[in-house]
$ cat data_26.cif   # mmCIF, N, CA and C atoms
data_target
#
loop_
_atom_site.group_PDB
_atom_site.id
_atom_site.type_symbol
_atom_site.label_atom_id
_atom_site.label_comp_id
_atom_site.auth_asym_id
_atom_site.auth_seq_id
_atom_site.Cartn_x
_atom_site.Cartn_y
_atom_site.Cartn_z
ATOM 1 N N ALA A 281 -8.420 -18.055 3.155
ATOM 2 C CA ALA A 281 -7.616 -17.979 1.944
ATOM 3 C C ALA A 281 -6.140 -17.893 2.322
ATOM 4 N N ALA A 282 -5.351 -18.671 1.679
ATOM 5 C CA ALA A 282 -3.925 -18.752 2.008
ATOM 6 C C ALA A 282 -3.147 -17.591 1.408
ATOM 7 N N LEU A 283 -2.137 -17.175 2.136
ATOM 8 C CA LEU A 283 -1.231 -16.133 1.637
ATOM 9 C C LEU A 283 -0.094 -16.798 0.877
ATOM 10 N N ALA A 284 0.570 -16.034 0.032
ATOM 11 C CA ALA A 284 1.718 -16.554 -0.704
ATOM 12 C C ALA A 284 2.784 -17.031 0.276
ATOM 13 N N PRO A 285 3.510 -18.097 -0.067
ATOM 14 C CA PRO A 285 4.526 -18.619 0.852
ATOM 15 C C PRO A 285 5.627 -17.608 1.153
ATOM 16 N N ASP A 286 5.893 -16.702 0.217
ATOM 17 C CA ASP A 286 6.935 -15.703 0.450
ATOM 18 C C ASP A 286 6.364 -14.398 0.986
ATOM 19 N N VAL A 287 5.371 -14.538 1.859
ATOM 20 C CA VAL A 287 4.729 -13.363 2.454
ATOM 21 C C VAL A 287 5.721 -12.555 3.290
ATOM 22 N N ALA A 288 6.837 -13.176 3.671
ATOM 23 C CA ALA A 288 7.850 -12.474 4.461
ATOM 24 C C ALA A 288 8.371 -11.249 3.716
ATOM 25 N N ALA A 289 8.512 -11.347 2.395
ATOM 26 C CA ALA A 289 8.992 -10.206 1.609
ATOM 27 C C ALA A 289 7.963 -9.083 1.616
ATOM 28 N N MET A 290 6.677 -9.443 1.534
ATOM 29 C CA MET A 290 5.624 -8.430 1.567
ATOM 30 C C MET A 290 5.578 -7.778 2.953
ATOM 31 N N ARG A 291 5.755 -8.576 3.974
ATOM 32 C CA ARG A 291 5.779 -8.039 5.337
ATOM 33 C C ARG A 291 6.951 -7.069 5.504
ATOM 34 N N ALA A 292 8.103 -7.401 4.927
ATOM 35 C CA ALA A 292 9.284 -6.530 5.015
ATOM 36 C C ALA A 292 9.010 -5.195 4.327
ATOM 37 N N ILE A 293 8.351 -5.238 3.164
ATOM 38 C CA ILE A 293 7.989 -4.003 2.463
ATOM 39 C C ILE A 293 7.053 -3.174 3.338
ATOM 40 N N ALA A 294 6.032 -3.828 3.886
ATOM 41 C CA ALA A 294 5.050 -3.129 4.722
ATOM 42 C C ALA A 294 5.711 -2.528 5.963
ATOM 43 N N GLU A 295 6.605 -3.272 6.591
ATOM 44 C CA GLU A 295 7.290 -2.767 7.787
ATOM 45 C C GLU A 295 8.162 -1.559 7.440
ATOM 46 N N THR A 296 8.825 -1.596 6.296
ATOM 47 C CA THR A 296 9.656 -0.468 5.862
ATOM 48 C C THR A 296 8.806 0.777 5.668
ATOM 49 N N VAL A 297 7.670 0.627 4.978
ATOM 50 C CA VAL A 297 6.774 1.765 4.752
ATOM 51 C C VAL A 297 6.235 2.275 6.083
ATOM 52 N N ALA A 298 5.894 1.367 6.980
ATOM 53 C CA ALA A 298 5.379 1.771 8.292
ATOM 54 C C ALA A 298 6.413 2.613 9.039
ATOM 55 N N ILE A 299 7.650 2.163 9.033
ATOM 56 C CA ILE A 299 8.718 2.899 9.720
ATOM 57 C C ILE A 299 8.911 4.272 9.073
ATOM 58 N N GLU A 300 8.957 4.306 7.726
ATOM 59 C CA GLU A 300 9.123 5.581 7.010
ATOM 60 C C GLU A 300 7.976 6.550 7.317
ATOM 61 N N SER A 301 6.794 6.009 7.560
ATOM 62 C CA SER A 301 5.598 6.828 7.772
ATOM 63 C C SER A 301 5.323 7.126 9.244
ATOM 64 N N GLY A 302 6.089 6.519 10.128
ATOM 65 C CA GLY A 302 5.846 6.704 11.552
ATOM 66 C C GLY A 302 4.610 5.958 12.031
ATOM 67 N N LEU A 303 4.265 4.878 11.330
ATOM 68 C CA LEU A 303 3.112 4.062 11.699
ATOM 69 C C LEU A 303 3.583 2.675 12.094
ATOM 70 N N THR A 304 2.643 1.829 12.486
ATOM 71 C CA THR A 304 2.975 0.437 12.790
ATOM 72 C C THR A 304 2.445 -0.448 11.669
ATOM 73 N N LEU A 305 2.911 -1.678 11.638
ATOM 74 C CA LEU A 305 2.412 -2.636 10.658
ATOM 75 C C LEU A 305 0.904 -2.825 10.853
ATOM 76 N N ALA A 306 0.474 -2.867 12.101
ATOM 77 C CA ALA A 306 -0.955 -3.018 12.392
ATOM 78 C C ALA A 306 -1.757 -1.833 11.844
ATOM 79 N N ASP A 307 -1.171 -0.630 11.886
ATOM 80 C CA ASP A 307 -1.846 0.548 11.319
ATOM 81 C C ASP A 307 -2.082 0.365 9.821
ATOM 82 N N LEU A 308 -1.047 -0.110 9.111
ATOM 83 C CA LEU A 308 -1.157 -0.285 7.659
ATOM 84 C C LEU A 308 -2.153 -1.371 7.296
ATOM 85 N N ARG A 309 -2.230 -2.401 8.116
ATOM 86 C CA ARG A 309 -3.116 -3.523 7.810
ATOM 87 C C ARG A 309 -4.516 -3.313 8.371
ATOM 88 N N GLY A 310 -4.692 -2.281 9.182
ATOM 89 C CA GLY A 310 -5.962 -2.051 9.861
ATOM 90 C C GLY A 310 -6.988 -1.299 9.033
ATOM 91 N N PRO A 311 -8.125 -0.980 9.660
ATOM 92 C CA PRO A 311 -9.251 -0.381 8.948
ATOM 93 C C PRO A 311 -9.228 1.146 8.823
ATOM 94 N N GLU A 312 -8.335 1.819 9.531
ATOM 95 C CA GLU A 312 -8.318 3.290 9.537
ATOM 96 C C GLU A 312 -8.203 3.849 8.129
ATOM 97 N N ARG A 313 -9.054 4.837 7.807
ATOM 98 C CA ARG A 313 -9.100 5.358 6.443
ATOM 99 C C ARG A 313 -8.652 6.810 6.322
ATOM 100 N N SER A 314 -8.140 7.390 7.394
ATOM 101 C CA SER A 314 -7.694 8.785 7.306
ATOM 102 C C SER A 314 -6.522 8.882 6.327
ATOM 103 N N GLN A 315 -6.313 10.091 5.807
ATOM 104 C CA GLN A 315 -5.331 10.294 4.742
ATOM 105 C C GLN A 315 -3.933 9.799 5.117
ATOM 106 N N ARG A 316 -3.523 10.045 6.337
ATOM 107 C CA ARG A 316 -2.183 9.636 6.777
ATOM 108 C C ARG A 316 -1.992 8.124 6.624
ATOM 109 N N TYR A 317 -2.987 7.373 7.039
ATOM 110 C CA TYR A 317 -2.906 5.921 6.959
ATOM 111 C C TYR A 317 -3.071 5.449 5.515
ATOM 112 N N ALA A 318 -4.050 6.023 4.821
ATOM 113 C CA ALA A 318 -4.361 5.585 3.459
ATOM 114 C C ALA A 318 -3.184 5.823 2.511
ATOM 115 N N ARG A 319 -2.573 7.002 2.589
ATOM 116 C CA ARG A 319 -1.425 7.285 1.695
ATOM 117 C C ARG A 319 -0.296 6.299 1.918
ATOM 118 N N SER A 320 0.000 6.036 3.180
ATOM 119 C CA SER A 320 1.079 5.094 3.497
ATOM 120 C C SER A 320 0.719 3.694 3.014
ATOM 121 N N ARG A 321 -0.528 3.321 3.194
ATOM 122 C CA ARG A 321 -0.997 2.006 2.738
ATOM 123 C C ARG A 321 -0.875 1.904 1.218
ATOM 124 N N HIS A 322 -1.230 2.966 0.506
ATOM 125 C CA HIS A 322 -1.131 2.968 -0.953
ATOM 126 C C HIS A 322 0.320 2.805 -1.411
ATOM 127 N N ILE A 323 1.242 3.445 -0.697
ATOM 128 C CA ILE A 323 2.666 3.297 -1.005
ATOM 129 C C ILE A 323 3.081 1.834 -0.847
ATOM 130 N N ALA A 324 2.667 1.237 0.257
ATOM 131 C CA ALA A 324 3.009 -0.166 0.516
ATOM 132 C C ALA A 324 2.421 -1.073 -0.561
ATOM 133 N N TRP A 325 1.168 -0.817 -0.943
ATOM 134 C CA TRP A 325 0.528 -1.632 -1.982
ATOM 135 C C TRP A 325 1.292 -1.519 -3.293
ATOM 136 N N ALA A 326 1.669 -0.289 -3.651
ATOM 137 C CA ALA A 326 2.379 -0.070 -4.913
ATOM 138 C C ALA A 326 3.724 -0.803 -4.907
ATOM 139 N N ARG A 327 4.427 -0.742 -3.795
ATOM 140 C CA ARG A 327 5.725 -1.422 -3.701
ATOM 141 C C ARG A 327 5.560 -2.935 -3.756
ATOM 142 N N CYS A 328 4.526 -3.449 -3.104
ATOM 143 C CA CYS A 328 4.271 -4.894 -3.128
ATOM 144 C C CYS A 328 3.912 -5.348 -4.543
ATOM 145 N N HIS A 329 3.110 -4.546 -5.233
ATOM 146 C CA HIS A 329 2.708 -4.902 -6.595
ATOM 147 C C HIS A 329 3.925 -4.876 -7.523
ATOM 148 N N LYS A 330 4.779 -3.868 -7.350
ATOM 149 C CA LYS A 330 6.002 -3.769 -8.150
ATOM 150 C C LYS A 330 6.919 -4.968 -7.888
ATOM 151 N N ALA A 331 6.851 -5.502 -6.669
ATOM 152 C CA ALA A 331 7.671 -6.663 -6.305
ATOM 153 C C ALA A 331 7.088 -7.965 -6.857
ATOM 154 N N GLY A 332 5.917 -7.870 -7.509
ATOM 155 C CA GLY A 332 5.367 -9.046 -8.167
ATOM 156 C C GLY A 332 4.179 -9.697 -7.493
ATOM 157 N N TYR A 333 3.702 -9.135 -6.406
ATOM 158 C CA TYR A 333 2.536 -9.702 -5.733
ATOM 159 C C TYR A 333 1.267 -9.338 -6.489
ATOM 160 N N SER A 334 0.311 -10.261 -6.532
ATOM 161 C CA SER A 334 -0.957 -9.997 -7.210
ATOM 162 C C SER A 334 -1.840 -9.112 -6.327
ATOM 163 N N LEU A 335 -2.781 -8.437 -6.965
ATOM 164 C CA LEU A 335 -3.689 -7.559 -6.232
ATOM 165 C C LEU A 335 -4.495 -8.319 -5.164
ATOM 166 N N PRO A 336 -5.043 -9.516 -5.479
ATOM 167 C CA PRO A 336 -5.782 -10.244 -4.436
ATOM 168 C C PRO A 336 -4.913 -10.637 -3.233
ATOM 169 N N ILE A 337 -3.665 -11.028 -3.495
ATOM 170 C CA ILE A 337 -2.755 -11.413 -2.401
ATOM 171 C C ILE A 337 -2.463 -10.194 -1.522
ATOM 172 N N ILE A 338 -2.197 -9.059 -2.154
ATOM 173 C CA ILE A 338 -1.934 -7.823 -1.407
ATOM 174 C C ILE A 338 -3.158 -7.478 -0.568
ATOM 175 N N GLY A 339 -4.331 -7.541 -1.183
ATOM 176 C CA GLY A 339 -5.571 -7.219 -0.468
ATOM 177 C C GLY A 339 -5.790 -8.107 0.739
ATOM 178 N N ARG A 340 -5.551 -9.393 0.579
ATOM 179 C CA ARG A 340 -5.727 -10.327 1.698
ATOM 180 C C ARG A 340 -4.762 -10.006 2.832
ATOM 181 N N TYR A 341 -3.525 -9.706 2.487
ATOM 182 C CA TYR A 341 -2.530 -9.401 3.522
ATOM 183 C C TYR A 341 -2.876 -8.121 4.269
ATOM 184 N N PHE A 342 -3.354 -7.121 3.538
ATOM 185 C CA PHE A 342 -3.674 -5.835 4.150
ATOM 186 C C PHE A 342 -5.135 -5.776 4.588
ATOM 187 N N GLY A 343 -5.503 -6.651 5.478
ATOM 188 C CA GLY A 343 -6.809 -6.571 6.127
ATOM 189 C C GLY A 343 -7.971 -7.134 5.346
ATOM 190 N N GLY A 344 -7.716 -8.029 4.394
ATOM 191 C CA GLY A 344 -8.808 -8.657 3.663
ATOM 192 C C GLY A 344 -9.514 -7.729 2.687
ATOM 193 N N ARG A 345 -8.777 -6.783 2.132
ATOM 194 C CA ARG A 345 -9.374 -5.840 1.189
ATOM 195 C C ARG A 345 -9.540 -6.478 -0.195
ATOM 196 N N ASP A 346 -10.529 -5.991 -0.921
ATOM 197 C CA ASP A 346 -10.797 -6.471 -2.268
ATOM 198 C C ASP A 346 -9.680 -6.018 -3.216
ATOM 199 N N HIS A 347 -9.420 -6.813 -4.257
ATOM 200 C CA HIS A 347 -8.346 -6.458 -5.195
ATOM 201 C C HIS A 347 -8.631 -5.136 -5.899
ATOM 202 N N THR A 348 -9.894 -4.785 -6.083
ATOM 203 C CA THR A 348 -10.204 -3.514 -6.746
ATOM 204 C C THR A 348 -9.872 -2.324 -5.850
ATOM 205 N N THR A 349 -9.969 -2.525 -4.540
ATOM 206 C CA THR A 349 -9.578 -1.484 -3.588
ATOM 207 C C THR A 349 -8.074 -1.250 -3.687
ATOM 208 N N VAL A 350 -7.317 -2.340 -3.777
ATOM 209 C CA VAL A 350 -5.864 -2.247 -3.899
ATOM 210 C C VAL A 350 -5.497 -1.533 -5.205
ATOM 211 N N LEU A 351 -6.140 -1.912 -6.302
ATOM 212 C CA LEU A 351 -5.866 -1.282 -7.591
ATOM 213 C C LEU A 351 -6.151 0.217 -7.523
ATOM 214 N N SER A 352 -7.261 0.579 -6.927
ATOM 215 C CA SER A 352 -7.629 1.990 -6.788
ATOM 216 C C SER A 352 -6.567 2.745 -5.984
ATOM 217 N N GLY A 353 -6.094 2.134 -4.897
ATOM 218 C CA GLY A 353 -5.078 2.772 -4.066
ATOM 219 C C GLY A 353 -3.764 2.950 -4.789
ATOM 220 N N ILE A 354 -3.375 1.947 -5.576
ATOM 221 C CA ILE A 354 -2.129 2.034 -6.347
ATOM 222 C C ILE A 354 -2.245 3.158 -7.375
ATOM 223 N N ARG A 355 -3.399 3.247 -8.029
ATOM 224 C CA ARG A 355 -3.608 4.311 -9.016
ATOM 225 C C ARG A 355 -3.581 5.692 -8.360
ATOM 226 N N LYS A 356 -4.170 5.809 -7.179
ATOM 227 C CA LYS A 356 -4.139 7.090 -6.462
ATOM 228 C C LYS A 356 -2.704 7.457 -6.107
ATOM 229 N N HIS A 357 -1.938 6.473 -5.666
ATOM 230 C CA HIS A 357 -0.534 6.712 -5.320
ATOM 231 C C HIS A 357 0.246 7.178 -6.549
ATOM 232 N N GLU A 358 0.027 6.509 -7.681
ATOM 233 C CA GLU A 358 0.734 6.881 -8.908
ATOM 234 C C GLU A 358 0.350 8.286 -9.361
ATOM 235 N N ALA A 359 -0.928 8.630 -9.251
ATOM 236 C CA ALA A 359 -1.387 9.973 -9.636
ATOM 237 C C ALA A 359 -0.783 11.025 -8.714
ATOM 238 N N PHE A 360 -0.764 10.744 -7.424
ATOM 239 C CA PHE A 360 -0.209 11.675 -6.436
ATOM 240 C C PHE A 360 1.285 11.858 -6.674
ATOM 241 N N THR A 361 1.985 10.756 -6.944
ATOM 242 C CA THR A 361 3.424 10.798 -7.168
ATOM 243 C C THR A 361 3.749 11.560 -8.439
ATOM 244 N N SER A 362 3.002 11.332 -9.512
ATOM 245 C CA SER A 362 3.287 12.033 -10.767
ATOM 246 C C SER A 362 3.014 13.520 -10.652
ATOM 247 N N LYS A 363 2.017 13.904 -9.859
ATOM 248 C CA LYS A 363 1.738 15.325 -9.632
ATOM 249 C C LYS A 363 2.886 15.996 -8.904
ATOM 250 N N ARG A 364 3.447 15.295 -7.919
ATOM 251 C CA ARG A 364 4.541 15.867 -7.128
ATOM 252 C C ARG A 364 5.829 15.960 -7.920
ATOM 253 N N GLU A 365 6.012 15.068 -8.904
ATOM 254 C CA GLU A 365 7.257 15.053 -9.676
ATOM 255 C C GLU A 365 7.224 16.012 -10.856
ATOM 256 N N THR A 366 6.051 16.547 -11.172
ATOM 257 C CA THR A 366 5.937 17.483 -12.284
ATOM 258 C C THR A 366 6.553 18.816 -11.875
ATOM 259 N N PRO A 367 7.550 19.304 -12.618
ATOM 260 C CA PRO A 367 8.180 20.564 -12.236
ATOM 261 C C PRO A 367 7.214 21.746 -12.379
ATOM 262 N N ALA A 368 7.341 22.692 -11.478
ATOM 263 C CA ALA A 368 6.495 23.877 -11.496
ATOM 264 C C ALA A 368 6.909 24.759 -12.685
ATOM 265 N N LYS A 369 5.915 25.367 -13.321
ATOM 266 C CA LYS A 369 6.215 26.225 -14.485
ATOM 267 C C LYS A 369 6.229 27.682 -14.090
#

$ encode --input "data_26.cif" --output "structure tokens"
Amino acid sequence: AALAPDVAAMRAIAETVAIESGLTLADLRGPERSQRYARSRHIAWARCHKAGYSLPIIGRYFGGRDHTTVLSGIRKHEAFTSKRETPAK
């Protein structure tokens, strides 16, 4: 399956997240499922989706994952982010 021609922008997003997370691009695209890797991967997926990439394209780029896996990760990232931004009472 072919990747979008502007995959360079998605790669740039992924590389930025990898650097911010202290991981490599291969780590983000790889199979590791521990929390450290998964959270960073979810951030990258969310940023790629916000940049206009479709869920299937993101999934293919990040190790051939199914689009529903990507959607689930984006939702987890959004839930985690909203919890952290809620001020303590």

$ atom_distance --input "data_26.cif" --atom1 "CA of Ser352 in chain A" --atom2 "CA of Ile337 in chain A"
14.9 Å

$ atom_distance --input "data_26.cif" --atom1 "CA of Cys328 in chain A" --atom2 "CA of Glu312 in chain A"
19.6 Å

$ resolve_selection --input "data_26.cif" --expression "the PyMOL selection byres (((chain A and resi 319-326 and name CA) around 8) and name CA)" --output "list in words"
Ile293, Ala294, Val297, Ala298, Ser301, Leu308, Arg309, Gln315, Arg316, Tyr317, Ala318, Arg327, Cys328, His329, Lys330, Ile338, Val350, Gly353, Ile354, Lys356 and His357 of chain A

$ select_by_dssp --input "data_26.cif" --residues "range 282-340 of chain A" --states "helix (DSSP H, G or I)" --output "PyMOL selection string"
chain A and resi 287-301+305-309+315-330+335-340

$ write_last_selection --input "data_26.cif" --atoms "N, CA and C atoms" --output "compact mmCIF listing (two decimals), keeping the file's coordinate frame"
# COMPACT_ATOMS: atom_id res chain seq x y z
N VAL A 287 5.37 -14.54 1.86
CA VAL A 287 4.73 -13.36 2.45
C VAL A 287 5.72 -12.56 3.29
N ALA A 288 6.84 -13.18 3.67
CA ALA A 288 7.85 -12.47 4.46
C ALA A 288 8.37 -11.25 3.72
N ALA A 289 8.51 -11.35 2.40
CA ALA A 289 8.99 -10.21 1.61
C ALA A 289 7.96 -9.08 1.62
N MET A 290 6.68 -9.44 1.53
CA MET A 290 5.62 -8.43 1.57
C MET A 290 5.58 -7.78 2.95
N ARG A 291 5.76 -8.58 3.97
CA ARG A 291 5.78 -8.04 5.34
C ARG A 291 6.95 -7.07 5.50
N ALA A 292 8.10 -7.40 4.93
CA ALA A 292 9.28 -6.53 5.01
C ALA A 292 9.01 -5.20 4.33
N ILE A 293 8.35 -5.24 3.16
CA ILE A 293 7.99 -4.00 2.46
C ILE A 293 7.05 -3.17 3.34
N ALA A 294 6.03 -3.83 3.89
CA ALA A 294 5.05 -3.13 4.72
C ALA A 294 5.71 -2.53 5.96
N GLU A 295 6.60 -3.27 6.59
CA GLU A 295 7.29 -2.77 7.79
C GLU A 295 8.16 -1.56 7.44
N THR A 296 8.82 -1.60 6.30
CA THR A 296 9.66 -0.47 5.86
C THR A 296 8.81 0.78 5.67
N VAL A 297 7.67 0.63 4.98
CA VAL A 297 6.77 1.76 4.75
C VAL A 297 6.24 2.28 6.08
N ALA A 298 5.89 1.37 6.98
CA ALA A 298 5.38 1.77 8.29
C ALA A 298 6.41 2.61 9.04
N ILE A 299 7.65 2.16 9.03
CA ILE A 299 8.72 2.90 9.72
C ILE A 299 8.91 4.27 9.07
N GLU A 300 8.96 4.31 7.73
CA GLU A 300 9.12 5.58 7.01
C GLU A 300 7.98 6.55 7.32
N SER A 301 6.79 6.01 7.56
CA SER A 301 5.60 6.83 7.77
C SER A 301 5.32 7.13 9.24
N LEU A 305 2.91 -1.68 11.64
CA LEU A 305 2.41 -2.64 10.66
C LEU A 305 0.90 -2.82 10.85
N ALA A 306 0.47 -2.87 12.10
CA ALA A 306 -0.96 -3.02 12.39
C ALA A 306 -1.76 -1.83 11.84
N ASP A 307 -1.17 -0.63 11.89
CA ASP A 307 -1.85 0.55 11.32
C ASP A 307 -2.08 0.36 9.82
N LEU A 308 -1.05 -0.11 9.11
CA LEU A 308 -1.16 -0.28 7.66
C LEU A 308 -2.15 -1.37 7.30
N ARG A 309 -2.23 -2.40 8.12
CA ARG A 309 -3.12 -3.52 7.81
C ARG A 309 -4.52 -3.31 8.37
N GLN A 315 -6.31 10.09 5.81
CA GLN A 315 -5.33 10.29 4.74
C GLN A 315 -3.93 9.80 5.12
N ARG A 316 -3.52 10.04 6.34
CA ARG A 316 -2.18 9.64 6.78
C ARG A 316 -1.99 8.12 6.62
N TYR A 317 -2.99 7.37 7.04
CA TYR A 317 -2.91 5.92 6.96
C TYR A 317 -3.07 5.45 5.52
N ALA A 318 -4.05 6.02 4.82
CA ALA A 318 -4.36 5.58 3.46
C ALA A 318 -3.18 5.82 2.51
N ARG A 319 -2.57 7.00 2.59
CA ARG A 319 -1.42 7.28 1.70
C ARG A 319 -0.30 6.30 1.92
N SER A 320 0.00 6.04 3.18
CA SER A 320 1.08 5.09 3.50
C SER A 320 0.72 3.69 3.01
N ARG A 321 -0.53 3.32 3.19
CA ARG A 321 -1.00 2.01 2.74
C ARG A 321 -0.88 1.90 1.22
N HIS A 322 -1.23 2.97 0.51
CA HIS A 322 -1.13 2.97 -0.95
C HIS A 322 0.32 2.80 -1.41
N ILE A 323 1.24 3.44 -0.70
CA ILE A 323 2.67 3.30 -1.00
C ILE A 323 3.08 1.83 -0.85
N ALA A 324 2.67 1.24 0.26
CA ALA A 324 3.01 -0.17 0.52
C ALA A 324 2.42 -1.07 -0.56
N TRP A 325 1.17 -0.82 -0.94
CA TRP A 325 0.53 -1.63 -1.98
C TRP A 325 1.29 -1.52 -3.29
N ALA A 326 1.67 -0.29 -3.65
CA ALA A 326 2.38 -0.07 -4.91
C ALA A 326 3.72 -0.80 -4.91
N ARG A 327 4.43 -0.74 -3.80
CA ARG A 327 5.72 -1.42 -3.70
C ARG A 327 5.56 -2.94 -3.76
N CYS A 328 4.53 -3.45 -3.10
CA CYS A 328 4.27 -4.89 -3.13
C CYS A 328 3.91 -5.35 -4.54
N HIS A 329 3.11 -4.55 -5.23
CA HIS A 329 2.71 -4.90 -6.60
C HIS A 329 3.92 -4.88 -7.52
N LYS A 330 4.78 -3.87 -7.35
CA LYS A 330 6.00 -3.77 -8.15
C LYS A 330 6.92 -4.97 -7.89
N LEU A 335 -2.78 -8.44 -6.96
CA LEU A 335 -3.69 -7.56 -6.23
C LEU A 335 -4.50 -8.32 -5.16
N PRO A 336 -5.04 -9.52 -5.48
CA PRO A 336 -5.78 -10.24 -4.44
C PRO A 336 -4.91 -10.64 -3.23
N ILE A 337 -3.66 -11.03 -3.50
CA ILE A 337 -2.76 -11.41 -2.40
C ILE A 337 -2.46 -10.19 -1.52
N ILE A 338 -2.20 -9.06 -2.15
CA ILE A 338 -1.93 -7.82 -1.41
C ILE A 338 -3.16 -7.48 -0.57
N GLY A 339 -4.33 -7.54 -1.18
CA GLY A 339 -5.57 -7.22 -0.47
C GLY A 339 -5.79 -8.11 0.74
N ARG A 340 -5.55 -9.39 0.58
CA ARG A 340 -5.73 -10.33 1.70
C ARG A 340 -4.76 -10.01 2.83

$ atom_distance --input "data_26.cif" --atom1 "atom C of Arg340 in chain A" --atom2 "atom N of Met290 in chain A"
11.5 Å

$ axis_aligned_box --input "data_26.cif" --around "range 327-342 of chain A" --padding-each-side "6 Å" --output "JSON"
{"center_x": 0.9, "center_y": -6.1, "center_z": -1.8, "size_x": 25.5, "size_y": 22.7, "size_z": 24.8}

$ build_atoms --input "data_26.cif" --residues "range 332-338 of chain A" --atoms "all heavy atoms" --output "CSV table (one decimal), keeping the file's coordinate frame"
chain,number,residue,atom,x,y,z
A,332,GLY,N,5.9,-7.9,-7.5
A,332,GLY,CA,5.4,-9.0,-8.2
A,332,GLY,C,4.2,-9.7,-7.5
A,332,GLY,O,3.7,-10.7,-8.0
A,333,TYR,N,3.7,-9.1,-6.4
A,333,TYR,CA,2.5,-9.7,-5.7
A,333,TYR,C,1.3,-9.3,-6.5
A,333,TYR,O,1.1,-8.2,-7.0
A,333,TYR,CB,2.4,-9.2,-4.3
A,333,TYR,CG,3.5,-9.8,-3.4
A,333,TYR,CD1,4.6,-9.1,-3.1
A,333,TYR,CD2,3.3,-11.0,-2.8
A,333,TYR,CE1,5.6,-9.6,-2.3
A,333,TYR,CE2,4.3,-11.6,-2.0
A,333,TYR,CZ,5.4,-10.9,-1.7
A,333,TYR,OH,6.4,-11.4,-0.9
A,334,SER,N,0.3,-10.3,-6.5
A,334,SER,CA,-1.0,-10.0,-7.2
A,334,SER,C,-1.8,-9.1,-6.3
A,334,SER,O,-1.7,-9.1,-5.1
A,334,SER,CB,-1.7,-11.3,-7.5
A,334,SER,OG,-2.2,-11.9,-6.3
A,335,LEU,N,-2.8,-8.4,-7.0
A,335,LEU,CA,-3.7,-7.6,-6.2
A,335,LEU,C,-4.5,-8.3,-5.2
A,335,LEU,O,-4.6,-7.8,-4.0
A,335,LEU,CB,-4.6,-6.8,-7.2
A,335,LEU,CG,-3.9,-5.9,-8.2
A,335,LEU,CD1,-4.9,-5.4,-9.2
A,335,LEU,CD2,-3.2,-4.8,-7.6
A,336,PRO,N,-5.0,-9.5,-5.5
A,336,PRO,CA,-5.8,-10.2,-4.4
A,336,PRO,C,-4.9,-10.6,-3.2
A,336,PRO,O,-5.4,-10.6,-2.1
A,336,PRO,CB,-6.3,-11.5,-5.2
A,336,PRO,CG,-6.4,-11.1,-6.6
A,336,PRO,CD,-5.2,-10.2,-6.8
A,337,ILE,N,-3.7,-11.0,-3.5
A,337,ILE,CA,-2.8,-11.4,-2.4
A,337,ILE,C,-2.5,-10.2,-1.5
A,337,ILE,O,-2.5,-10.3,-0.3
A,337,ILE,CB,-1.4,-12.0,-3.0
A,337,ILE,CG1,-1.7,-13.3,-3.7
A,337,ILE,CG2,-0.4,-12.2,-1.9
A,337,ILE,CD1,-2.1,-14.5,-2.8
A,338,ILE,N,-2.2,-9.1,-2.2
A,338,ILE,CA,-1.9,-7.8,-1.4
A,338,ILE,C,-3.2,-7.5,-0.6
A,338,ILE,O,-3.0,-7.2,0.6
A,338,ILE,CB,-1.6,-6.7,-2.4
A,338,ILE,CG1,-0.3,-7.0,-3.1
A,338,ILE,CG2,-1.5,-5.3,-1.6
A,338,ILE,CD1,0.0,-6.0,-4.3
